[in-house]
$ cat query35.txt   # compact mmCIF, C-alpha atoms
# COMPACT_ATOMS: atom_id res chain seq x y z
CA MET A 1 124.76 120.46 206.51
CA THR A 2 128.32 120.06 207.76
CA SER A 3 131.11 119.02 205.43
CA MET A 4 131.33 115.76 207.41
CA ASN A 5 127.72 114.97 206.55
CA GLU A 6 128.25 115.97 202.97
CA ALA A 7 131.16 113.56 202.76
CA THR A 8 128.88 110.79 204.05
CA VAL A 9 126.23 111.65 201.49
CA ARG A 10 128.86 111.72 198.77
CA SER A 11 130.13 108.25 199.66
CA ARG A 12 126.59 106.87 199.90
CA VAL A 13 125.65 108.30 196.53
CA ARG A 14 128.87 106.93 195.06
CA ARG A 15 128.06 103.50 196.49
CA ALA A 16 124.57 103.68 195.01
CA TYR A 17 126.12 104.48 191.64
CA GLU A 18 128.46 101.49 191.74
CA LEU A 19 125.68 99.21 192.97
CA GLY A 20 123.40 100.44 190.20
CA ARG A 21 126.08 99.69 187.63
CA TRP A 22 126.58 96.18 189.03
CA LEU A 23 122.84 95.47 188.97
CA SER A 24 122.50 96.76 185.45
CA ALA A 25 125.49 94.69 184.28
CA LEU A 26 124.26 91.54 186.03
CA ARG A 27 120.84 92.01 184.45
CA LEU A 28 122.51 92.17 181.04
CA GLY A 29 124.52 89.06 181.93
CA LEU A 30 121.29 87.06 182.30
CA ILE A 31 121.20 86.77 178.50
CA VAL A 32 124.09 84.30 178.84
CA ILE A 33 121.88 81.75 180.62
CA PRO A 34 119.75 80.80 177.55
CA MET A 35 122.91 80.81 175.43
CA ALA A 36 124.63 78.34 177.76
CA LEU A 37 121.46 76.25 178.03
CA LEU A 38 121.21 76.10 174.24
CA SER A 39 124.80 74.94 174.05
CA GLY A 40 124.37 72.40 176.84
CA VAL A 41 121.20 70.91 175.39
CA VAL A 42 121.86 71.01 171.63
CA ALA A 43 125.64 70.57 171.58
CA ARG A 44 125.50 68.09 174.46
CA ALA A 45 128.70 69.49 175.87
CA PRO A 46 127.67 70.39 179.42
CA VAL A 47 131.21 70.95 180.70
CA TRP A 48 132.05 73.40 177.91
CA ALA A 49 128.64 75.05 178.24
CA ALA A 50 128.99 75.49 181.99
CA SER A 51 132.59 76.73 182.01
CA ALA A 52 132.33 78.99 178.94
CA GLY A 53 128.89 80.19 180.09
CA LEU A 54 130.20 81.09 183.52
CA ALA A 55 133.23 82.87 182.08
CA LEU A 56 131.01 84.74 179.62
CA PHE A 57 128.60 85.78 182.37
CA ALA A 58 131.47 87.05 184.53
CA LEU A 59 133.05 88.92 181.62
CA VAL A 60 129.75 90.56 180.60
CA ALA A 61 129.11 91.61 184.21
CA VAL A 62 132.59 93.01 184.82
CA LEU A 63 132.83 94.85 181.50
CA GLY A 64 129.27 96.17 181.83
CA TRP A 65 130.06 97.46 185.32
CA ARG A 66 133.38 99.00 184.18
CA GLY A 67 131.62 100.90 181.37
CA GLN A 68 133.10 103.22 178.75
CA SER A 69 134.67 101.37 175.79
CA TYR A 70 134.61 98.11 177.78
CA GLY A 71 130.93 98.47 178.53
CA ARG A 72 130.04 99.60 175.02
CA ALA A 73 131.66 96.38 173.73
CA VAL A 74 129.24 94.07 175.55
CA VAL A 75 126.18 94.23 173.30
CA PRO A 76 128.07 94.22 169.96
CA GLY A 77 130.21 91.36 171.30
CA LEU A 78 127.17 89.30 172.26
CA LEU A 79 125.45 90.03 168.95
CA ALA A 80 128.51 89.08 166.90
CA GLY A 81 129.12 86.03 169.09
CA SER A 82 125.62 84.76 168.44
CA VAL A 83 126.72 83.86 164.87
CA PRO A 84 129.35 81.22 165.77
CA LEU A 85 127.03 80.18 168.59
CA VAL A 86 124.04 79.47 166.39
CA LEU A 87 125.66 78.44 163.09
CA PRO A 88 127.17 75.09 164.18
CA LEU A 89 124.08 74.28 166.22
CA LEU A 90 121.88 75.01 163.20
CA MET A 91 124.09 72.84 161.01
CA ARG A 92 123.71 70.01 163.45
CA SER A 93 119.96 70.34 163.76
CA THR A 94 119.59 70.30 159.95
CA GLY A 95 121.69 67.13 159.78
CA LEU A 96 124.55 68.83 157.94
CA CYS A 97 126.97 68.56 160.78
CA CYS A 98 126.68 65.20 162.44
CA VAL A 99 125.46 61.96 160.83
CA GLY A 100 124.86 58.87 162.92
CA GLY A 101 126.52 60.40 165.94
CA VAL A 102 129.74 61.15 164.02
CA CYS A 103 130.56 64.79 163.35
CA LEU A 104 132.12 65.41 159.96
CA PRO A 105 135.23 67.56 159.49
CA PHE A 106 133.39 70.15 157.40
CA CYS A 107 131.30 70.98 160.45
CA MET A 108 134.24 73.16 161.35
CA LEU A 109 133.12 75.41 158.51
CA GLY A 110 130.30 76.80 160.66
CA CYS A 111 132.77 77.71 163.39
CA THR A 112 135.32 79.21 161.01
CA VAL A 113 132.72 81.23 159.10
CA GLY A 114 131.20 82.33 162.40
CA GLY A 115 134.64 83.42 163.60
CA LEU A 116 135.21 85.40 160.41
CA VAL A 117 131.83 87.12 160.80
CA VAL A 118 132.79 88.06 164.37
CA GLY A 119 136.19 89.41 163.35
CA ILE A 120 134.95 91.40 160.38
CA SER A 121 131.86 92.86 162.04
CA LEU A 122 133.67 93.86 165.23
CA GLY A 123 136.66 95.19 163.29
CA LEU A 124 134.30 97.44 161.33
CA ARG A 125 132.31 98.42 164.41
CA SER A 126 135.47 99.36 166.31
CA ALA A 127 136.21 102.03 163.70
CA ALA A 128 133.13 103.92 164.94
CA GLU A 129 134.63 104.25 168.43
CA ARG A 130 136.15 107.64 169.05
CA GLN A 131 137.98 106.66 172.22
CA GLY A 132 139.34 103.31 173.41
CA ARG A 133 139.02 101.68 170.00
CA TRP A 134 141.46 98.87 170.82
CA THR A 135 140.06 98.15 174.24
CA PHE A 136 136.63 98.03 172.62
CA LEU A 137 137.91 95.55 170.03
CA ALA A 138 139.66 93.38 172.62
CA ALA A 139 136.63 93.34 174.93
CA ALA A 140 134.09 92.71 172.17
CA THR A 141 136.10 89.91 170.53
CA SER A 142 136.64 88.26 173.94
CA ILE A 143 132.89 88.23 174.55
CA ALA A 144 132.12 87.04 171.02
CA ALA A 145 134.79 84.33 171.26
CA LEU A 146 133.36 83.00 174.52
CA ALA A 147 129.87 82.99 172.99
CA GLY A 148 131.33 81.21 169.96
CA ILE A 149 132.89 78.56 172.19
CA LEU A 150 129.40 77.73 173.43
CA GLY A 151 128.35 76.89 169.87
CA CYS A 152 131.59 75.37 168.60
CA ALA A 153 131.78 72.97 171.54
CA ILE A 154 129.67 70.74 169.30
CA VAL A 155 132.68 70.22 167.01
CA GLY A 156 135.15 69.92 169.85
CA THR A 157 138.56 71.48 170.39
CA ALA A 158 139.30 71.73 166.67
CA GLY A 159 136.11 73.72 166.06
CA ILE A 160 136.86 76.08 168.93
CA ALA A 161 140.45 76.58 167.70
CA GLY A 162 139.19 77.22 164.16
CA MET A 163 136.71 79.80 165.36
CA LEU A 164 139.25 81.56 167.60
CA GLY A 165 141.82 81.57 164.82
CA ALA A 166 139.33 83.11 162.40
CA VAL A 167 138.41 85.80 164.94
CA VAL A 168 142.05 86.76 165.53
CA VAL A 169 143.04 86.65 161.84
CA SER A 170 140.11 88.77 160.66
CA SER A 171 139.41 91.26 163.47
CA LEU A 172 142.73 93.07 163.68
CA PRO A 173 143.36 93.63 159.94
CA VAL A 174 139.76 94.73 159.39
CA ALA A 175 139.97 97.13 162.34
CA VAL A 176 143.23 98.60 161.05
CA ALA A 177 141.84 98.92 157.50
CA ALA A 178 138.57 100.44 158.73
CA ARG A 179 140.49 102.91 160.86
CA SER A 180 142.70 104.04 158.01
CA LEU A 181 139.64 104.33 155.73
CA SER A 182 137.79 106.42 158.31
CA ARG A 183 140.84 108.69 158.66
CA ALA A 184 141.11 109.20 154.90
CA MET B 1 120.83 126.81 187.74
CA ASP B 2 121.67 128.67 184.53
CA GLN B 3 121.67 127.21 181.03
CA GLU B 4 125.41 126.56 181.06
CA GLN B 5 125.23 124.60 184.31
CA ARG B 6 122.21 122.75 183.04
CA ALA B 7 124.11 121.67 179.92
CA GLN B 8 127.08 120.75 182.10
CA LEU B 9 124.89 118.55 184.31
CA GLN B 10 123.45 116.89 181.21
CA GLU B 11 126.93 116.10 179.92
CA LEU B 12 128.07 114.78 183.31
CA LEU B 13 125.03 112.50 183.58
CA VAL B 14 125.72 111.16 180.08
CA ARG B 15 129.34 110.50 181.06
CA LEU B 16 128.26 108.74 184.24
CA ALA B 17 125.79 106.65 182.26
CA ASP B 18 128.69 105.57 180.10
CA GLY B 19 130.71 104.61 183.19
CA ASP B 20 133.08 107.57 183.38
CA ARG B 21 133.81 107.78 187.14
CA GLU B 22 135.67 111.06 186.75
CA ALA B 23 132.33 112.74 186.14
CA PHE B 24 131.09 111.81 189.61
CA GLU B 25 132.71 114.56 191.68
CA PRO B 26 131.75 117.48 189.40
CA MET B 27 128.24 116.05 189.05
CA PHE B 28 127.84 115.82 192.82
CA GLU B 29 129.17 119.34 193.29
CA LEU B 30 126.69 120.62 190.74
CA ALA B 31 123.61 118.58 191.63
CA TRP B 32 123.75 118.39 195.45
CA PRO B 33 123.06 122.09 196.17
CA VAL B 34 120.25 122.17 193.58
CA VAL B 35 118.60 119.02 194.89
CA THR B 36 118.92 120.11 198.53
CA ARG B 37 117.47 123.55 197.77
CA PHE B 38 114.58 121.97 195.86
CA ALA B 39 113.87 119.50 198.69
CA ARG B 40 114.00 122.27 201.31
CA ARG B 41 111.50 124.31 199.33
CA ALA B 42 109.25 121.34 198.67
CA LEU B 43 109.26 120.29 202.33
CA GLY B 44 108.87 123.78 203.68
CA GLY B 45 112.33 123.97 205.27
CA SER B 46 111.87 120.70 207.14
CA PRO B 47 115.00 119.02 208.55
CA ASP B 48 113.98 115.94 206.54
CA ALA B 49 114.82 117.82 203.35
CA GLU B 50 118.44 116.68 203.35
CA ASP B 51 117.37 113.06 203.83
CA ALA B 52 114.99 113.37 200.89
CA ALA B 53 117.72 114.98 198.79
CA GLN B 54 120.17 112.22 199.66
CA ILE B 55 117.70 109.44 198.84
CA ALA B 56 116.78 111.18 195.59
CA LEU B 57 120.40 111.53 194.50
CA GLU B 58 121.11 107.91 195.45
CA LYS B 59 118.17 106.82 193.26
CA VAL B 60 119.29 109.02 190.40
CA LEU B 61 122.82 107.63 190.49
CA ALA B 62 121.62 104.04 190.91
CA ARG B 63 119.62 104.41 187.69
CA VAL B 64 121.96 106.66 185.76
CA SER B 65 123.21 103.69 183.66
CA GLN B 66 119.81 103.76 181.96
CA PHE B 67 119.81 107.54 181.53
CA ASP B 68 118.51 108.53 178.12
CA ARG B 69 120.77 111.27 176.73
CA GLU B 70 117.82 112.75 174.80
CA ARG B 71 116.10 113.50 178.07
CA ASP B 72 116.66 116.64 180.11
CA GLY B 73 118.94 115.68 183.01
CA LEU B 74 117.87 118.43 185.41
CA ASN B 75 114.16 117.67 184.93
CA TRP B 76 114.85 114.02 185.60
CA VAL B 77 116.85 114.72 188.77
CA LEU B 78 114.23 117.15 190.09
CA GLY B 79 111.41 114.77 189.13
CA VAL B 80 112.95 112.03 191.27
CA THR B 81 113.53 114.55 194.09
CA ALA B 82 109.92 115.75 193.93
CA TRP B 83 108.75 112.15 194.14
CA GLU B 84 110.95 111.52 197.20
CA CYS B 85 109.65 114.67 198.88
CA ARG B 86 106.12 113.58 198.21
CA THR B 87 106.79 110.12 199.65
CA LEU B 88 108.36 111.67 202.73
CA ARG B 89 105.43 114.04 203.21
CA GLN B 90 102.95 111.18 202.88
CA LYS B 91 104.86 109.17 205.49
CA ARG B 92 104.90 112.15 207.82
CA ARG B 93 101.21 112.77 207.33
CA ARG B 94 100.39 109.12 207.97
CA ARG B 95 102.48 109.21 211.12
CA ARG B 96 100.64 112.33 212.28
CA GLU B 97 97.25 110.85 211.46
CA ASP B 98 98.12 107.72 213.41
CA ALA B 99 99.16 109.84 216.38
CA ALA B 100 96.12 112.14 216.33
CA PRO B 101 93.31 110.75 214.14
CA HIS B 102 90.88 113.61 214.95
CA GLU B 103 93.20 116.34 213.75
CA SER B 104 92.99 115.11 210.18
CA GLU B 105 89.27 115.71 210.13
CA SER B 106 89.85 119.44 209.79
CA LEU B 107 88.30 120.79 206.61
CA SER B 108 90.92 123.42 205.78
CA PRO B 109 94.06 122.05 204.09
CA SER B 110 97.26 122.02 206.13
CA PRO B 111 100.33 123.93 204.84
CA GLU B 112 101.82 120.55 203.86
CA ASP B 113 98.72 119.59 201.89
CA ALA B 114 98.89 122.96 200.16
CA ALA B 115 102.58 122.35 199.35
CA ILE B 116 101.77 118.90 197.96
CA ALA B 117 99.00 120.37 195.82
CA ARG B 118 101.32 123.13 194.58
CA ASP B 119 104.10 120.68 193.65
CA PHE B 120 101.68 118.42 191.88
CA THR B 121 100.19 121.25 189.91
CA THR B 122 103.66 122.32 188.75
CA ALA B 123 104.70 118.75 187.88
CA LEU B 124 101.38 118.16 186.12
CA HIS B 125 101.74 121.29 184.01
CA GLU B 126 105.26 120.23 183.05
CA ALA B 127 104.04 116.77 182.03
CA VAL B 128 101.13 118.26 180.06
CA GLY B 129 103.59 120.55 178.30
CA SER B 130 105.50 117.53 176.98
CA LEU B 131 102.39 116.18 175.16
CA SER B 132 101.22 117.02 171.65
CA PRO B 133 99.45 120.39 171.28
CA LEU B 134 96.05 118.69 170.86
CA ASP B 135 96.49 116.52 173.97
CA ALA B 136 97.78 119.48 175.97
CA GLU B 137 94.86 121.67 174.82
CA THR B 138 92.32 118.97 175.74
CA LEU B 139 93.79 118.50 179.21
CA ARG B 140 94.16 122.24 179.84
CA CYS B 141 90.53 122.65 178.85
CA VAL B 142 89.51 120.12 181.53
CA LEU B 143 91.90 121.51 184.16
CA SER B 144 90.66 125.06 183.68
CA GLY B 145 87.02 123.98 183.53
CA ALA B 146 86.56 125.64 180.13
CA ALA B 147 83.96 124.49 177.63
CA PRO B 148 85.00 121.53 175.41
CA THR B 149 86.49 122.52 172.06
CA ALA B 150 84.82 119.65 170.20
CA ALA B 151 81.61 117.63 170.17
CA PRO B 152 81.06 115.83 173.53
CA ALA B 153 81.74 112.32 172.17
CA THR B 154 84.84 113.41 170.28
CA PHE B 155 86.07 115.37 173.26
CA ARG B 156 85.55 112.37 175.56
CA LYS B 157 87.63 110.16 173.27
CA ARG B 158 90.31 112.82 172.95
CA LEU B 159 90.42 113.20 176.71
CA GLU B 160 90.72 109.45 177.19
CA ARG B 161 93.64 109.27 174.78
CA ALA B 162 95.30 112.36 176.25
CA LEU B 163 95.00 110.95 179.79
CA GLY B 164 96.59 107.70 178.65
CA ARG B 165 99.51 109.56 177.10
CA LEU B 166 99.79 111.80 180.18
CA ARG B 167 100.01 108.69 182.36
CA ILE B 168 102.88 107.38 180.21
CA ALA B 169 104.62 110.77 180.19
CA TRP B 170 104.26 111.07 183.97
CA LYS B 171 105.75 107.59 184.52
CA GLU B 172 108.61 108.33 182.17
CA ARG B 173 109.36 111.71 183.74
CA HIS B 174 109.38 110.34 187.27
CA ASP B 175 110.81 106.91 186.52
CA LEU B 176 107.89 105.10 188.05
CA ASP B 177 107.61 101.36 187.71
CA GLU B 178 104.33 99.73 186.84
$ encode --input "query35.txt" --output "structure tokens"
Amino acid sequence: MTSMNEATVRSRVRRAYELGRWLSALRLGLIVIPMALLSGVVARAPVWAASAGLALFALVAVLGWRGQSYGRAVVPGLLAGSVPLVLPLLMRSTGLCCVGGVCLPFCMLGCTVGGLVVGISLGLRSAAERQGRWTFLAAATSIAALAGILGCAIVGTAGIAGMLGAVVVSSLPVAVAARSLSRA
Amino acid sequence: MDQEQRAQLQELLVRLADGDREAFEPMFELAWPVVTRFARRALGGSPDAEDAAQIALEKVLARVSQFDRERDGLNWVLGVTAWECRTLRQKRRRRREDAAPHESESLSPSPEDAAIARDFTTALHEAVGSLSPLDAETLRCVLSGAAPTAAPATFRKRLERALGRLRIAWKERHDLDE
């Protein structure tokens, strides 16, 4: 085989690799569809569900395709994000959150607690990363935050802000503390 | 391929599975000659060998994201290549049969049929080797035509179970979908 042909094979194989990564990442992104549907139906916030769902799907696909610490962040991010996604929706379905169509201020608690769970769990998990710890943390918290928005849309902007604030406040200090503990 | 290269290929496949693009070039340099040589041997020096090798490597790389690091990388790559060679041979044989239907009625196996049989025997022995000692013993007993090592009913059940596990092992080794 001539070197010309080998170059063609090389580029074809490379293309197959990239295509395979895209397909695998898009397949993983399908998990976002039930999450967005859950938000749209239970939280009755179709605009939030559609926009956050679309952004989450795109982020999962791009990070999954990119791989390495970005790709490794996808599953932990989705798992952590399922807490602020489900918690407010559960509170609503049990009648704790909204009474007679009016959502009470303490409903924000579900979002804030969910955000704290995201920050703490991902901060701890990031300590296990040998390389790209901070990119892992940034990618995973972005995914978890978008998943959390799907759930906190039920409370509105205040709930989303509370959840995001809790994620930011808890993730970084926990990651730093976990890193120094793992070094010691 | 020596043990060091084999370990290197394994590491490169793991890195590619993780999304490390820098592993692509060294992996290609390492795998392409091995895969081409294997395909040439399997297809009896046919000019189609390079096509089969290319398709096999494309399939390997398309699925490398799901590569299980516990699995032997070289076996996986060669398993996919063997499957591609087999598919190519079958296509060729079908084409030949369509062109000359009476030729296929010959009773003696063609060199290609013999090559297919040889490849399958090797792949089968490898798959059997990955089973538990009892399963492997049961299957080897049947393959060699030796007398059963247990009572007929027990042996039948053992064989059934071993064949089921062999089917799973074969699918896993060659990445076959249901």
$ residues_around --input "query35.txt" --residues "stretch 125-131 of chain B" --least-positions-apart "3" --cutoff "12 Å" --atoms "all atoms listed in the file" --output "MDAnalysis selection string"
chainID B and resid 71:72 75:76 78:79 118:122 134:144 161:174
$ atom_distance --input "query35.txt" --atom1 "atom CA of A:Gly165" --atom2 "atom CA of A:Gly114"
10.9 Å
$ atom_distance --input "query35.txt" --atom1 "atom CA of A:Gly77" --atom2 "atom CA of A:Leu23"
19.6 Å
$ interface_residues --input "query35.txt" --of "chain A" --to "chain B" --cutoff "12 Å" --atoms "only C-alpha atoms" --output "PyMOL selection string"
chain A and resi 1-2+5-25+27-28+62-73
$ residues_around --input "query35.txt" --residues "A:Met163" --least-positions-apart "6" --cutoff "7 Å" --atoms "all atoms listed in the file" --output "PyMOL selection string"
chain A and resi 111-112+114-115
